[in-house]
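Engineer: Contents of start17.txt (compact mmCIF, C-alpha atoms) are below:
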# COMPACT_ATOMS: atom_id res chain seq x y z
CA MET A 1 -8.38 -17.41 -86.05
CA ALA A 2 -5.19 -18.80 -87.46
CA SER A 3 -5.06 -17.76 -91.05
CA ALA A 4 -3.17 -19.17 -94.01
CA ALA A 5 -3.78 -15.95 -95.93
CA VAL A 6 -0.97 -13.76 -94.61
CA VAL A 7 -1.04 -10.25 -96.08
CA ASP A 8 1.09 -7.15 -95.77
CA ALA A 9 -0.02 -4.53 -93.30
CA GLY A 10 -2.54 -2.20 -94.85
CA ASP A 11 -3.35 -4.64 -97.68
CA ALA A 12 -6.67 -6.46 -97.88
CA PRO A 13 -6.53 -10.24 -98.51
CA GLU A 14 -7.06 -11.25 -102.15
CA PRO A 15 -10.85 -11.47 -102.84
CA THR A 16 -10.61 -14.98 -104.36
CA VAL A 17 -10.19 -18.62 -103.23
CA ARG A 18 -6.79 -18.93 -104.95
CA ASN A 19 -5.19 -19.24 -101.47
CA LEU A 20 -6.86 -22.67 -101.12
CA LEU A 21 -5.23 -23.91 -104.33
CA ASP A 22 -1.84 -22.54 -103.28
CA GLN A 23 -1.93 -24.23 -99.85
CA GLU A 24 -0.47 -27.60 -100.86
CA SER A 25 -0.64 -29.04 -97.33
CA LEU A 26 -4.48 -28.85 -97.19
CA LYS A 27 -6.12 -32.23 -96.56
CA TRP A 28 -9.66 -31.34 -95.40
CA VAL A 29 -11.82 -28.49 -96.79
CA PHE A 30 -15.26 -27.94 -95.23
CA VAL A 31 -17.86 -25.86 -97.06
CA GLY A 32 -20.80 -24.73 -94.93
CA GLY A 33 -23.40 -22.10 -94.23
CA LYS A 34 -27.14 -21.43 -94.04
CA GLY A 35 -29.50 -23.54 -96.15
CA GLY A 36 -30.11 -22.34 -99.72
CA VAL A 37 -27.03 -20.12 -100.14
CA GLY A 38 -25.29 -22.31 -102.75
CA LYS A 39 -22.99 -24.51 -100.64
CA THR A 40 -23.19 -27.46 -103.03
CA THR A 41 -22.35 -25.35 -106.08
CA CYS A 42 -19.39 -23.81 -104.24
CA SER A 43 -18.07 -27.13 -102.89
CA SER A 44 -18.45 -28.71 -106.36
CA ILE A 45 -16.53 -25.85 -108.02
CA LEU A 46 -13.83 -25.90 -105.30
CA SER A 47 -13.36 -29.64 -105.88
CA VAL A 48 -13.13 -29.04 -109.66
CA LEU A 49 -10.50 -26.31 -109.11
CA LEU A 50 -8.54 -28.46 -106.65
CA ALA A 51 -8.59 -31.36 -109.13
CA GLY A 52 -6.63 -29.09 -111.47
CA VAL A 53 -3.73 -28.71 -109.00
CA ARG A 54 -3.88 -31.85 -106.80
CA GLN A 55 -3.27 -35.52 -107.55
CA SER A 56 -6.67 -36.79 -106.35
CA VAL A 57 -9.75 -35.08 -104.87
CA LEU A 58 -12.82 -36.50 -103.11
CA VAL A 59 -15.95 -34.39 -102.56
CA ILE A 60 -18.39 -35.75 -99.96
CA SER A 61 -21.94 -34.60 -99.32
CA THR A 62 -23.05 -34.98 -95.69
CA ASP A 63 -26.30 -33.10 -96.40
CA PRO A 64 -29.39 -35.38 -96.37
CA ALA A 65 -30.71 -33.38 -99.36
CA HIS A 66 -27.79 -34.68 -101.50
CA ASN A 67 -27.51 -32.09 -104.25
CA LEU A 68 -24.07 -33.22 -105.51
CA SER A 69 -25.76 -35.52 -108.01
CA ASP A 70 -27.78 -32.55 -109.29
CA ALA A 71 -24.74 -30.26 -109.47
CA PHE A 72 -22.68 -32.71 -111.55
CA GLN A 73 -25.76 -34.26 -113.24
CA GLN A 74 -24.49 -37.72 -112.32
CA ARG A 75 -25.78 -40.28 -109.81
CA PHE A 76 -23.57 -40.74 -106.72
CA THR A 77 -23.80 -43.28 -103.87
CA LYS A 78 -22.19 -43.85 -100.46
CA PHE A 79 -19.07 -45.13 -102.24
CA PRO A 80 -16.61 -42.85 -104.12
CA THR A 81 -17.49 -42.58 -107.81
CA LEU A 82 -15.31 -41.03 -110.52
CA VAL A 83 -16.90 -37.81 -111.83
CA ARG A 84 -17.44 -37.94 -115.59
CA GLY A 85 -14.90 -35.85 -117.50
CA PHE A 86 -12.21 -36.24 -114.79
CA THR A 87 -9.48 -38.76 -114.02
CA ASN A 88 -8.79 -37.62 -110.44
CA LEU A 89 -12.08 -36.24 -109.02
CA TYR A 90 -14.41 -38.52 -107.06
CA ALA A 91 -17.74 -37.85 -105.33
CA MET A 92 -19.85 -39.65 -102.72
CA GLU A 93 -23.05 -38.95 -100.78
CA ILE A 94 -23.56 -40.30 -97.27
CA ASP A 95 -26.60 -40.32 -95.00
CA PRO A 96 -25.82 -38.91 -91.53
CA LYS A 97 -27.48 -41.83 -89.73
CA VAL A 98 -26.53 -45.29 -88.55
CA GLU A 99 -26.49 -47.94 -91.26
CA ASN A 100 -28.10 -51.04 -89.73
CA ASP A 101 -25.91 -53.43 -91.72
CA ASP A 102 -22.77 -51.61 -90.58
CA LEU A 103 -23.47 -51.46 -86.88
CA SER A 104 -25.94 -54.14 -85.88
CA ASN A 105 -28.69 -56.57 -86.76
CA GLU A 106 -32.37 -56.39 -85.90
CA GLY A 107 -31.71 -57.68 -82.39
CA MET A 108 -29.74 -54.52 -81.58
CA GLU A 109 -32.36 -52.01 -82.71
CA GLY A 110 -33.89 -51.49 -79.26
CA PHE A 111 -30.46 -51.23 -77.68
CA LEU A 112 -29.26 -48.67 -80.23
CA SER A 113 -32.57 -46.84 -79.98
CA GLU A 114 -32.11 -46.32 -76.23
CA LEU A 115 -28.53 -45.18 -76.81
CA THR A 116 -29.61 -42.73 -79.53
CA ASN A 117 -32.45 -41.34 -77.43
CA ALA A 118 -30.11 -40.89 -74.47
CA ILE A 119 -27.47 -39.03 -76.49
CA PRO A 120 -28.85 -36.96 -79.41
CA GLY A 121 -26.44 -37.10 -82.36
CA VAL A 122 -24.65 -40.34 -81.38
CA ASP A 123 -26.06 -42.10 -84.47
CA GLU A 124 -24.65 -39.35 -86.72
CA ALA A 125 -21.33 -39.49 -84.88
CA MET A 126 -21.06 -43.26 -85.39
CA SER A 127 -21.97 -42.94 -89.07
CA PHE A 128 -19.43 -40.13 -89.53
CA ALA A 129 -16.73 -42.25 -87.86
CA GLU A 130 -17.49 -45.17 -90.20
CA MET A 131 -17.24 -42.84 -93.20
CA LEU A 132 -13.95 -41.35 -91.98
CA LYS A 133 -12.50 -44.84 -91.53
CA LEU A 134 -13.44 -45.57 -95.15
CA VAL A 135 -11.92 -42.30 -96.40
CA GLN A 136 -8.69 -42.88 -94.44
CA THR A 137 -8.14 -46.22 -96.18
CA MET A 138 -8.07 -44.34 -99.50
CA ASP A 139 -5.24 -42.06 -100.50
CA TYR A 140 -6.89 -38.80 -101.59
CA SER A 141 -4.75 -35.66 -101.69
CA VAL A 142 -7.62 -33.52 -100.41
CA VAL A 143 -11.20 -34.14 -99.23
CA VAL A 144 -13.95 -31.50 -99.69
CA PHE A 145 -17.02 -31.74 -97.43
CA ASP A 146 -20.31 -30.34 -98.73
CA THR A 147 -21.93 -30.04 -95.30
CA ALA A 148 -25.54 -29.82 -94.21
CA PRO A 149 -26.95 -26.44 -93.02
CA THR A 150 -25.11 -24.77 -90.12
CA GLY A 151 -26.84 -26.54 -87.20
CA HIS A 152 -25.90 -30.00 -88.54
CA THR A 153 -22.34 -28.83 -89.25
CA LEU A 154 -21.84 -27.62 -85.68
CA ARG A 155 -23.04 -31.03 -84.42
CA LEU A 156 -20.47 -32.67 -86.68
CA LEU A 157 -17.73 -30.71 -84.90
CA GLN A 158 -19.03 -31.95 -81.54
CA PHE A 159 -18.83 -35.64 -82.50
CA PRO A 160 -15.80 -36.55 -80.33
CA ALA A 161 -17.63 -35.26 -77.23
CA THR A 162 -20.83 -37.01 -78.38
CA LEU A 163 -19.04 -40.35 -78.71
CA GLU A 164 -17.50 -39.83 -75.26
CA LYS A 165 -21.06 -39.60 -73.89
CA GLY A 166 -21.96 -42.66 -75.96
CA LEU A 167 -19.20 -44.67 -74.31
CA GLU A 168 -20.36 -43.57 -70.85
CA LYS A 169 -23.93 -44.57 -71.68
CA MET A 170 -22.72 -47.92 -73.03
CA MET A 171 -20.91 -48.60 -69.76
CA GLU A 172 -24.08 -47.70 -67.86
CA LEU A 173 -26.18 -50.03 -70.05
CA LYS A 174 -23.56 -52.76 -69.72
CA ASN A 175 -23.72 -52.52 -65.92
CA ARG A 176 -27.53 -52.58 -65.96
CA PHE A 177 -28.25 -55.14 -68.69
CA GLY A 178 -24.91 -56.86 -69.38
CA GLY A 179 -25.92 -60.32 -68.11
CA LEU A 180 -29.34 -60.03 -69.74
CA LEU A 181 -27.81 -59.19 -73.14
CA ASN A 182 -25.42 -62.13 -73.01
CA GLN A 183 -28.26 -64.51 -72.06
CA ALA A 184 -30.44 -63.13 -74.90
CA SER A 185 -27.65 -63.48 -77.46
CA ARG A 186 -27.06 -67.13 -76.47
CA LEU A 187 -30.80 -67.86 -76.35
CA PHE A 188 -31.41 -66.58 -79.89
CA GLY A 189 -28.16 -67.97 -81.26
CA LEU A 190 -26.73 -64.54 -82.07
CA GLY A 191 -23.27 -65.38 -80.78
CA ASP A 192 -21.04 -62.34 -80.31
CA GLU A 193 -23.14 -60.06 -82.52
CA LEU A 194 -25.02 -58.77 -79.47
CA ASN A 195 -22.02 -58.87 -77.16
CA GLU A 196 -21.82 -55.59 -75.26
CA ASP A 197 -18.00 -55.77 -75.16
CA ALA A 198 -17.90 -55.99 -78.96
CA MET A 199 -20.27 -53.02 -79.22
CA LEU A 200 -18.17 -51.10 -76.68
CA GLY A 201 -15.04 -51.89 -78.67
CA LYS A 202 -16.71 -50.63 -81.83
CA LEU A 203 -17.63 -47.34 -80.17
CA GLU A 204 -14.12 -46.94 -78.75
CA GLY A 205 -12.64 -47.64 -82.19
CA MET A 206 -14.86 -44.97 -83.71
CA LYS A 207 -13.90 -42.53 -80.97
CA ASP A 208 -10.21 -43.16 -81.70
CA VAL A 209 -10.76 -42.46 -85.41
CA ILE A 210 -12.69 -39.25 -84.74
CA GLU A 211 -10.15 -38.02 -82.16
CA GLN A 212 -7.30 -38.66 -84.60
CA VAL A 213 -9.11 -36.80 -87.38
CA ASN A 214 -10.18 -34.09 -84.94
CA ARG A 215 -6.50 -33.35 -84.24
CA GLN A 216 -6.03 -32.87 -87.99
CA PHE A 217 -9.14 -30.65 -88.13
CA LYS A 218 -7.53 -28.30 -85.58
CA ASP A 219 -4.34 -27.98 -87.66
CA PRO A 220 -4.66 -24.93 -89.99
CA ASP A 221 -2.03 -26.41 -92.31
CA LEU A 222 -4.31 -29.42 -92.93
CA THR A 223 -7.86 -28.10 -92.51
CA THR A 224 -9.89 -25.01 -93.33
CA PHE A 225 -13.57 -24.10 -93.33
CA VAL A 226 -15.09 -22.05 -96.17
CA CYS A 227 -18.22 -20.12 -95.14
CA VAL A 228 -20.80 -19.58 -97.90
CA CYS A 229 -23.46 -16.90 -97.48
CA ILE A 230 -25.65 -14.39 -99.32
CA PRO A 231 -25.75 -10.61 -98.65
CA GLU A 232 -28.80 -10.66 -96.34
CA PHE A 233 -29.24 -10.18 -92.59
CA LEU A 234 -30.05 -13.79 -91.61
CA SER A 235 -27.13 -15.14 -93.61
CA LEU A 236 -24.76 -12.57 -92.06
CA TYR A 237 -25.99 -13.55 -88.59
CA GLU A 238 -25.61 -17.28 -89.36
CA THR A 239 -22.09 -16.74 -90.72
CA GLU A 240 -21.07 -14.81 -87.60
CA ARG A 241 -22.42 -17.64 -85.44
CA LEU A 242 -20.56 -20.22 -87.55
CA VAL A 243 -17.24 -18.32 -87.46
CA GLN A 244 -17.49 -17.98 -83.66
CA GLU A 245 -18.24 -21.69 -83.23
CA LEU A 246 -15.31 -22.61 -85.50
CA ALA A 247 -13.04 -20.41 -83.37
CA LYS A 248 -14.32 -22.20 -80.27
CA PHE A 249 -13.45 -25.58 -81.83
CA GLU A 250 -10.06 -24.18 -82.97
CA ILE A 251 -10.84 -24.82 -86.64
CA ASP A 252 -9.26 -22.46 -89.18
CA SER A 253 -11.52 -20.27 -91.27
CA HIS A 254 -10.28 -17.45 -93.48
CA ASN A 255 -12.48 -17.67 -96.60
CA ILE A 256 -16.00 -16.31 -97.04
CA ILE A 257 -17.90 -16.68 -100.31
CA ILE A 258 -20.74 -14.19 -100.76
CA ASN A 259 -23.05 -15.70 -103.37
CA GLN A 260 -25.96 -14.28 -105.40
CA VAL A 261 -24.61 -10.72 -105.50
CA ILE A 262 -26.47 -8.35 -107.86
CA PHE A 263 -23.89 -6.12 -109.50
CA ASP A 264 -24.94 -2.63 -110.55
CA GLU A 265 -24.55 -3.25 -114.27
CA GLU A 266 -28.13 -3.39 -115.50
CA ALA A 267 -28.72 -0.67 -118.05
CA VAL A 268 -32.49 -1.09 -117.63
CA GLU A 269 -33.93 1.06 -114.83
CA SER A 270 -35.57 -1.09 -112.15
CA LYS A 271 -36.71 0.15 -108.75
CA LEU A 272 -36.69 -3.41 -107.41
CA LEU A 273 -33.13 -4.07 -108.60
CA LYS A 274 -31.93 -0.73 -107.25
CA ALA A 275 -33.49 -1.49 -103.85
CA ARG A 276 -31.95 -4.97 -103.75
CA ILE A 277 -28.51 -3.65 -104.77
CA LYS A 278 -28.66 -1.01 -102.03
CA MET A 279 -29.72 -3.58 -99.42
CA GLN A 280 -27.05 -6.08 -100.50
CA GLN A 281 -24.31 -3.45 -100.46
CA LYS A 282 -25.16 -2.62 -96.83
CA TYR A 283 -24.52 -6.24 -95.79
CA ILE A 284 -21.47 -6.63 -98.06
CA ASP A 285 -19.95 -3.61 -96.29
CA GLN A 286 -20.69 -5.27 -92.93
CA PHE A 287 -19.00 -8.49 -94.07
CA HIS A 288 -15.87 -6.52 -95.02
CA MET A 289 -15.95 -4.65 -91.71
CA LEU A 290 -16.35 -7.79 -89.59
CA TYR A 291 -13.93 -9.97 -91.57
CA ASP A 292 -11.27 -7.59 -92.84
CA ASP A 293 -8.61 -10.32 -92.54
CA PHE A 294 -10.63 -12.90 -94.54
CA ASN A 295 -10.47 -13.68 -98.24
CA ILE A 296 -13.96 -12.55 -99.30
CA THR A 297 -15.04 -13.77 -102.74
CA LYS A 298 -18.15 -12.22 -104.32
CA LEU A 299 -20.11 -14.26 -106.88
CA PRO A 300 -22.75 -12.80 -109.22
CA LEU A 301 -26.41 -13.79 -109.20
CA LEU A 302 -27.08 -15.63 -112.48
CA SER A 303 -30.22 -15.88 -114.57
CA GLU A 304 -29.84 -19.69 -114.72
CA GLU A 305 -28.78 -22.58 -112.46
CA VAL A 306 -25.19 -23.88 -112.47
CA CYS A 307 -25.66 -27.56 -113.36
CA GLY A 308 -23.29 -29.94 -115.11
CA VAL A 309 -19.49 -30.07 -115.34
CA GLN A 310 -19.27 -27.50 -118.15
CA ALA A 311 -21.42 -24.95 -116.29
CA LEU A 312 -19.39 -25.51 -113.11
CA GLN A 313 -16.13 -24.98 -114.99
CA ASN A 314 -17.48 -21.83 -116.67
CA PHE A 315 -18.62 -20.34 -113.36
CA SER A 316 -15.34 -21.29 -111.63
CA GLN A 317 -13.55 -18.31 -113.24
CA HIS A 318 -15.31 -16.01 -110.73
CA PHE A 319 -13.68 -17.95 -107.85
CA LEU A 320 -10.19 -17.03 -109.10
CA THR A 321 -10.75 -13.58 -110.65
CA PRO A 322 -12.91 -10.91 -108.93
CA TYR A 323 -16.11 -10.34 -110.88
CA LYS A 324 -16.27 -7.00 -112.68
CA SER A 325 -19.41 -5.40 -114.10
CA ALA A 326 -19.51 -5.22 -117.89
CA LEU A 327 -20.78 -1.61 -117.71
CA LYS A 328 -19.99 1.12 -115.21
CA ARG A 329 -23.01 3.24 -114.34
CA GLY A 330 -22.76 6.88 -115.44
CA THR A 331 -20.26 6.27 -118.27
CA VAL A 332 -20.96 7.19 -121.92
CA GLU A 333 -21.06 3.47 -122.82
CA GLU A 334 -23.59 2.66 -120.09
CA LEU A 335 -25.84 5.61 -121.06
CA GLU A 336 -25.72 4.63 -124.76
CA GLU A 337 -26.59 1.04 -123.84
CA ARG A 338 -29.47 2.22 -121.65
CA ILE A 339 -30.86 4.46 -124.44
CA THR A 340 -30.63 1.59 -126.94
CA LEU A 341 -32.52 -0.74 -124.58
CA LEU A 342 -35.16 1.90 -123.81
CA LYS A 343 -35.72 2.55 -127.55
CA SER A 344 -36.06 -1.20 -128.12
CA ALA A 345 -38.55 -1.49 -125.23
CA LEU A 346 -40.52 1.49 -126.59
CA GLN A 347 -40.75 -0.11 -130.08
CA GLU A 348 -41.97 -3.39 -128.55
CA ALA A 349 -44.60 -1.52 -126.48
CA GLU A 350 -45.83 0.42 -129.56
CA ALA A 351 -46.09 -2.82 -131.56
CA GLU A 352 -48.04 -4.45 -128.71
CA LEU A 353 -50.39 -1.43 -128.55
CA ASP A 354 -51.05 -1.69 -132.31
CA ARG A 355 -51.93 -5.40 -131.97
CA VAL A 356 -54.33 -4.70 -129.10
CA ARG A 357 -56.04 -1.84 -131.03
CA LYS A 358 -56.45 -4.02 -134.14
CA GLY A 359 -57.85 -6.80 -132.02
CA LYS A 360 -60.48 -4.48 -130.52
CA GLN A 361 -61.46 -3.14 -133.96
CA SER A 362 -61.90 -6.64 -135.43
CA ALA A 363 -63.99 -7.63 -132.38
Give the structure from the file, written as C-alpha cells.
Structural biologist:
Amino acid sequence: MASAAVVDAGDAPEPTVRNLLDQESLKWVFVGGKGGVGKTTCSSILSVLLAGVRQSVLVISTDPAHNLSDAFQQRFTKFPTLVRGFTNLYAMEIDPKVENDDLSNEGMEGFLSELTNAIPGVDEAMSFAEMLKLVQTMDYSVVVFDTAPTGHTLRLLQFPATLEKGLEKMMELKNRFGGLLNQASRLFGLGDELNEDAMLGKLEGMKDVIEQVNRQFKDPDLTTFVCVCIPEFLSLYETERLVQELAKFEIDSHNIIINQVIFDEEAVESKLLKARIKMQQKYIDQFHMLYDDFNITKLPLLSEEVCGVQALQNFSQHFLTPYKSALKRGTVEELEERITLLKSALQEAEAELDRVRKGKQSA
C-alpha cells in the first residue's frame, strides 16, 4: 500500500493517529472494521481531533445502526447538523437505501424493484451517489465516514462497477419495455417522471459523480482508510481481509486502531484478566508482525462507555499519546499497591463474615 507515514529504516511508525492530523491534503477519511469494535467512537474522536486543526469537518454515518447520535448525545438527520460545542464540526446520518422522494414516485416502484433485484447493491450505490453530490456542493475541509461493518464497506467500494451494471440493465429494460413505459406515463398523466431516458440520465449522472469521487479515493494524498479492530482472532482475520480488499481497490490504508486492550496494570490478582491479557498480547504481536509499516494505535478497555463530547475529548488523548500503564508489574510501587488492595479486600470479607454470623445467631 502507498503510505503517508514514511519512517526511517529500522524505525517503527509512530503508534498514534497524529499522522492523519499532519496530512493537510486529506479530504476523505474512512473508518471501518468488524461490527462491535468501536468504529463510531473512533470516527467521532477522529472528527473531533481533525476539527482542532482543519477549517471544517463533516462526519457521516453510513451504518444503518446510526450510533453517531449516541456518541455525541445529539440527534442527527440526513442533513449536516452542527455538533454542540463546536463551530466547525458537522454530523449527518444517511440510510444506505434509495429514498423514494429522491429517485421516483410510486409509479416507479416496480421498475426500481426489478432493477434492484437484478443488481444487488444498486439501490445503495444510487443513494451513496446522491449523498456524495450533496457533500460536494458543500465546502468541507475533510469528510470522515463512519462506515457499516466490513461487508457493507466493501460493497461501497464496488459502487462504480455496480452502477455500470445498473446502466446496462436500464438499457436492457428500455429495449424491452421502453414503448410500454412511455404509454403508461402518458396514460396516467405522469409526464416525464417515468421517462426511461430521464431515469437513464439520472443513473449516468450518479455514475459520473461516483467515478469522479472514486478517482479521489484512489489518491493517497486525498484519501485514507483507518481500520478499527480488537485483539481477537475474528477481528484480526476481518482486518486482514479488509486491508487486502483496500489494496485491490488501490485505496490507501496505513492506520490500524486496536481497541479494548487490557493493559497489565491491575494490582488485583485475577485469573480471568491474566488469561485475557495473554490472549490479547498474542494477537497484538500478530498485528505488529503483519503490519510493521502501519501506524498501530492501542486504546485501553474502559470501565464505562465513551458518550458525549466531553468523554470523547477526554478519551482522545490516547489517540495522540501511546497509553502507558499507571503501574508496572513487579515494581515496589505495584507490590505495595497490591498489598494495600488485598488488605482492604480482607477487611471487607471479615466484616461481611461478621454480619453473616450475627444474622445466623439472631435467627
Engineer: Give me, please, the distance in Å between atom CA of Asn314 of chain A and atom CA of Gln74 of chain A, quoted to one decimal.
Structural biologist: 17.9 Å
Engineer: Can you measure atom CA of Val142 of chain A to atom CA of Leu26 of chain A for me? One decimal in Å is fine.
Structural biologist: 6.5 Å
Engineer: Return the single residue from A:Asp285, A:Asn295, A:Phe233, A:Ala91 that is closest to Val135 of chain A, with distances computed using all atoms listed in the file.
Structural biologist: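 Closest to Val135 of chain A, using all atoms listed in the file: A:Ala91.
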Engineer: Taking only C-alpha atoms into account, name the residue in A:Gly359, A:Gly52, A:Gly85, A:Pro300 that is nearest to Ser141 of chain A.
Structural biologist: A:Gly52
Engineer: What does the structure give for the distance between atom CA of Lys248 of chain A and atom CA of Lys218 of chain A, in Å to one decimal?
Structural biologist: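 Separation of atom CA of Lys248 of chain A and atom CA of Lys218 of chain A: 10.6 Å.
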Engineer: For Trp28 of chain A, please output as a compact mmCIF listing (two decimals) with C-alpha atoms, keeping the file's coordinate frame all residues within 7 Å (counting all atoms listed in the file; exclusion window: fewer than 3 positions along the same chain).
Structural biologist:
# COMPACT_ATOMS: atom_id res chain seq x y z
CA VAL A 142 -7.62 -33.52 -100.41
CA VAL A 143 -11.20 -34.14 -99.23
CA VAL A 144 -13.95 -31.50 -99.69
CA LEU A 222 -4.31 -29.42 -92.93
CA THR A 223 -7.86 -28.10 -92.51
CA THR A 224 -9.89 -25.01 -93.33
